[in-house]
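Student: One file: entry_20.pdb (PDB, C-alpha atoms).
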```pdb
ATOM      1  CA  MET A 244      14.376  23.068   6.633
ATOM      2  CA  ARG A 245      16.148  21.625   9.650
ATOM      3  CA  ASN A 246      19.023  19.241   9.077
ATOM      4  CA  ARG A 247      19.343  16.202  11.260
ATOM      5  CA  THR A 248      22.773  16.064  12.834
ATOM      6  CA  GLU A 249      22.602  13.060  15.167
ATOM      7  CA  GLU A 250      23.032   9.466  14.095
ATOM      8  CA  ILE A 251      21.994   6.173  15.698
ATOM      9  CA  ASN A 252      23.683   2.971  14.563
ATOM     10  CA  VAL A 253      21.799  -0.248  15.182
ATOM     11  CA  ARG A 254      22.982  -3.734  14.293
ATOM     12  CA  VAL A 255      20.366  -6.096  12.909
ATOM     13  CA  PHE A 256      20.249  -9.411  11.112
ATOM     14  CA  LYS A 257      19.927  -9.283   7.323
ATOM     15  CA  THR A 258      16.417 -10.735   7.601
ATOM     16  CA  GLU A 259      15.435  -7.979  10.063
ATOM     17  CA  LYS A 260      16.808  -5.313   7.744
ATOM     18  CA  ASN A 261      14.884  -6.759   4.802
ATOM     19  CA  LEU A 262      11.695  -6.870   6.865
ATOM     20  CA  ILE A 263      12.130  -3.250   7.969
ATOM     21  CA  ARG A 264      12.809  -2.203   4.364
ATOM     22  CA  ARG A 265       9.659  -3.996   3.106
ATOM     23  CA  LYS A 266       7.457  -2.512   5.840
ATOM     24  CA  ALA A 267       8.850   0.973   5.231
ATOM     25  CA  ARG A 268       8.218   0.667   1.487
ATOM     26  CA  LYS A 269       4.622  -0.439   2.125
ATOM     27  CA  CYS A 270       4.135   2.754   4.144
ATOM     28  CA  GLY A 271       5.675   4.909   1.418
ATOM     29  CA  MET A 272       8.737   5.711   3.561
ATOM     30  CA  ASN A 273      12.434   4.998   3.526
ATOM     31  CA  MET A 274      13.915   3.018   6.424
ATOM     32  CA  SER A 275      15.059   6.105   8.339
ATOM     33  CA  GLU A 276      11.634   7.741   8.164
ATOM     34  CA  TYR A 277       9.942   4.488   9.145
ATOM     35  CA  LEU A 278      12.177   3.884  12.193
ATOM     36  CA  ARG A 279      11.951   7.530  13.317
ATOM     37  CA  THR A 280       8.175   7.340  13.092
ATOM     38  CA  LEU A 281       8.032   4.123  15.107
ATOM     39  CA  GLY A 282      10.498   5.481  17.652
ATOM     40  CA  THR A 283       8.414   8.582  18.305
ATOM     41  CA  ASP A 284       5.187   6.622  18.963
ATOM     42  CA  THR A 285       3.563   7.998  15.840
ATOM     43  CA  VAL A 286       1.045   5.701  14.127
ATOM     44  CA  VAL A 287       2.452   4.062  11.013
ATOM     45  CA  ARG A 288       0.017   3.056   8.284
ATOM     46  CA  GLU A 289       0.551   1.258   5.026
ATOM     47  CA  ALA A 290      -0.048   3.263   1.896
ATOM     48  CA  PRO A 291      -3.084   1.981  -0.034
ATOM     49  CA  LYS A 292      -2.289  -0.461  -2.817
ATOM     50  CA  ASP A 293      -2.542   0.850  -6.350
ATOM     51  CA  GLU A 294      -5.405  -1.548  -7.132
ATOM     52  CA  LEU A 295      -7.437  -0.119  -4.244
ATOM     53  CA  MET A 296      -6.958   3.420  -5.510
ATOM     54  CA  GLN A 297      -7.938   2.347  -9.040
ATOM     55  CA  ALA A 298     -11.042   0.617  -7.685
ATOM     56  CA  TYR A 299     -11.961   3.752  -5.731
ATOM     57  CA  ARG A 300     -11.601   5.944  -8.832
ATOM     58  CA  LYS A 301     -13.692   3.536 -10.922
ATOM     59  CA  LEU A 302     -16.351   3.382  -8.216
ATOM     60  CA  THR A 303     -16.490   7.175  -8.086
ATOM     61  CA  ARG A 304     -16.865   7.404 -11.886
ATOM     62  CA  LEU A 305     -19.572   4.729 -11.749
ATOM     63  CA  HIS A 306     -21.418   6.651  -9.049
ATOM     64  CA  ASP A 307     -21.240   9.792 -11.174
ATOM     65  CA  GLY A 308     -22.483   7.784 -14.175
ATOM     66  CA  ILE A 309     -25.502   6.495 -12.265
ATOM     67  CA  ARG A 310     -26.533  10.064 -11.626
ATOM     68  CA  TYR A 311     -26.715  10.526 -15.383
ATOM     69  CA  GLU A 312     -28.333   7.139 -16.156
ATOM     70  CA  VAL A 313     -25.521   4.916 -17.373
ATOM     71  CA  SER A 314     -26.622   1.794 -19.308
ATOM     72  CA  MET A 315     -27.011  -1.467 -17.375
ATOM     73  CA  ALA A 316     -24.331  -3.139 -19.528
ATOM     74  CA  ALA A 317     -21.815  -0.389 -18.721
ATOM     75  CA  PHE A 318     -22.830  -0.591 -15.057
ATOM     76  CA  SER A 319     -22.256  -4.354 -14.984
ATOM     77  CA  ASP A 320     -18.894  -4.071 -16.767
ATOM     78  CA  ALA A 321     -17.728  -1.375 -14.358
ATOM     79  CA  LEU A 322     -18.725  -3.462 -11.324
ATOM     80  CA  THR A 323     -16.830  -6.472 -12.722
ATOM     81  CA  GLU A 324     -13.694  -4.313 -13.193
ATOM     82  CA  ILE A 325     -13.961  -3.032  -9.635
ATOM     83  CA  GLU A 326     -14.422  -6.557  -8.272
ATOM     84  CA  ASP A 327     -11.323  -7.724 -10.168
ATOM     85  CA  LEU A 328      -9.212  -4.846  -8.840
ATOM     86  CA  LEU A 329     -10.325  -5.505  -5.270
ATOM     87  CA  LEU A 330      -9.563  -9.222  -5.587
ATOM     88  CA  GLN A 331      -6.106  -8.440  -7.008
ATOM     89  CA  ALA A 332      -5.402  -6.142  -4.077
ATOM     90  CA  TYR A 333      -6.649  -8.697  -1.556
ATOM     91  CA  HIS A 334      -4.963 -11.800  -2.966
ATOM     92  CA  GLY A 335      -1.999 -10.095  -4.598
ATOM     93  CA  GLU A 336       1.460 -11.283  -3.754
ATOM     94  CA  GLU A 337       4.225  -8.782  -3.375
ATOM     95  CA  ASP A 338       7.670  -9.878  -4.544
ATOM     96  CA  ASP A 339      10.593  -7.957  -3.137
ATOM     97  CA  ASP A 340      14.158  -7.496  -4.350
ATOM     98  CA  ASP A 341      15.381  -9.643  -1.476
ATOM     99  CA  GLY A 342      13.224 -12.589  -2.519
ATOM    100  CA  GLY A 343      10.538 -12.130   0.113
ATOM    101  CA  ASP A 344       6.908 -12.287  -0.792
ATOM    102  CA  GLU A 345       3.911 -11.572   1.303
ATOM    103  CA  ASP A 346       0.431 -12.831   0.515
ATOM    104  CA  LEU A 347      -1.979 -10.208   1.744
ATOM    105  CA  GLY A 348      -4.957 -12.513   1.981
ATOM    106  CA  ASP A 349      -6.030 -16.115   2.191
ATOM    107  CA  PRO A 350      -6.740 -17.606  -1.251
TER     108      PRO A 350
END
```
Represent the structure of the file as structure tokens.
Tutor:
Amino acid sequence: MRNRTEEINVRVFKTEKNLIRRKARKCGMNMSEYLRTLGTDTVVREAPKDELMQAYRKLTRLHDGIRYEVSMAAFSDALTEIEDLLLQAYHGEEDDDDGGDEDLGDP
């Protein structure tokens, strides 16, 4: 593994630092990784929210269940759970340590 030996110091406002930290965390990176990625013109994408991954897993199980004739009641319950998870992911607010919150969708 190569060790990084060079350092870049950048002065920012506290609000800018907090914003960078939040965006990095959403992408599953620390601030250094996030800034290096942006600085090298690499595409940065947010990591999927936990609720989206749960909804995907439930949808996959439901699809598998349909292949083996799941009951209509179980089918309906599973769809309701998936809808709830998707709505939580869409409307969910994210509170950060620095007091910032970001609403990911319009209520």
Student: Taking the file as shown, find all residues satisfying the PyMOL selection byres ((chain A and resi 267) around 12) and write them as a list in words.
Tutor: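 Evaluating the PyMOL selection byres ((chain A and resi 267) around 12) on this file yields Lys260, Asn261, Leu262, Ile263, Arg264, Arg265, Lys266, Arg268, Lys269, Cys270, Gly271, Met272, Asn273, Met274, Ser275, Glu276, Tyr277, Leu278, Arg279, Thr280, Leu281, Val287, Arg288, Glu289 and Ala290 of chain A.
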Student: Figure out the distance between atom CA of A:Ala321 and atom CA of A:His306, please, to one decimal in Å.
Tutor: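 Between atom CA of A:His306 and atom CA of A:Ala321 the gap works out to 10.3 Å.
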Student: Find, counting all atoms listed in the file, the residue in A:Lys257, A:Lys292, A:Lys301, A:Arg247 that gets nearest to A:Ala317.
Tutor: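 Counting all atoms listed in the file, the residue closest to A:Ala317 is A:Lys301.
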Student: Expand the PyMOL selection byres ((chain A and resi 328) around 10) into the individual residues it matches in the shown file, reporting them as a PyMOL selection string.
Tutor: chain A and resi 293-299+301+322-327+329-333+335
Student: Once you have the residues from the selection above, write them out as a JSON list (two decimals), keeping the file's coordinate frame, restricted to C-alpha atoms.
Tutor:
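Here's the written file again33.json:
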```json
[["chain", "number", "residue", "atom", "x", "y", "z"],
["A", 293, "ASP", "CA", -2.54, 0.85, -6.35],
["A", 294, "GLU", "CA", -5.40, -1.55, -7.13],
["A", 295, "LEU", "CA", -7.44, -0.12, -4.24],
["A", 296, "MET", "CA", -6.96, 3.42, -5.51],
["A", 297, "GLN", "CA", -7.94, 2.35, -9.04],
["A", 298, "ALA", "CA", -11.04, 0.62, -7.68],
["A", 299, "TYR", "CA", -11.96, 3.75, -5.73],
["A", 301, "LYS", "CA", -13.69, 3.54, -10.92],
["A", 322, "LEU", "CA", -18.73, -3.46, -11.32],
["A", 323, "THR", "CA", -16.83, -6.47, -12.72],
["A", 324, "GLU", "CA", -13.69, -4.31, -13.19],
["A", 325, "ILE", "CA", -13.96, -3.03, -9.64],
["A", 326, "GLU", "CA", -14.42, -6.56, -8.27],
["A", 327, "ASP", "CA", -11.32, -7.72, -10.17],
["A", 329, "LEU", "CA", -10.32, -5.50, -5.27],
["A", 330, "LEU", "CA", -9.56, -9.22, -5.59],
["A", 331, "GLN", "CA", -6.11, -8.44, -7.01],
["A", 332, "ALA", "CA", -5.40, -6.14, -4.08],
["A", 333, "TYR", "CA", -6.65, -8.70, -1.56],
["A", 335, "GLY", "CA", -2.00, -10.10, -4.60]]
```
Student: Enter the distance from atom CA of A:Gly282 to atom CA of A:Thr248, in Å, rounded to one decimal.
Tutor: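 Interatomic distance, atom CA of A:Gly282 to atom CA of A:Thr248: 16.9 Å.
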Student: Can you work out the spacing between atom CA of A:Thr303 and atom CA of A:Ala316 in Å, to one decimal?
Tutor: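 Atom CA of A:Thr303 sits 17.3 Å away from atom CA of A:Ala316.
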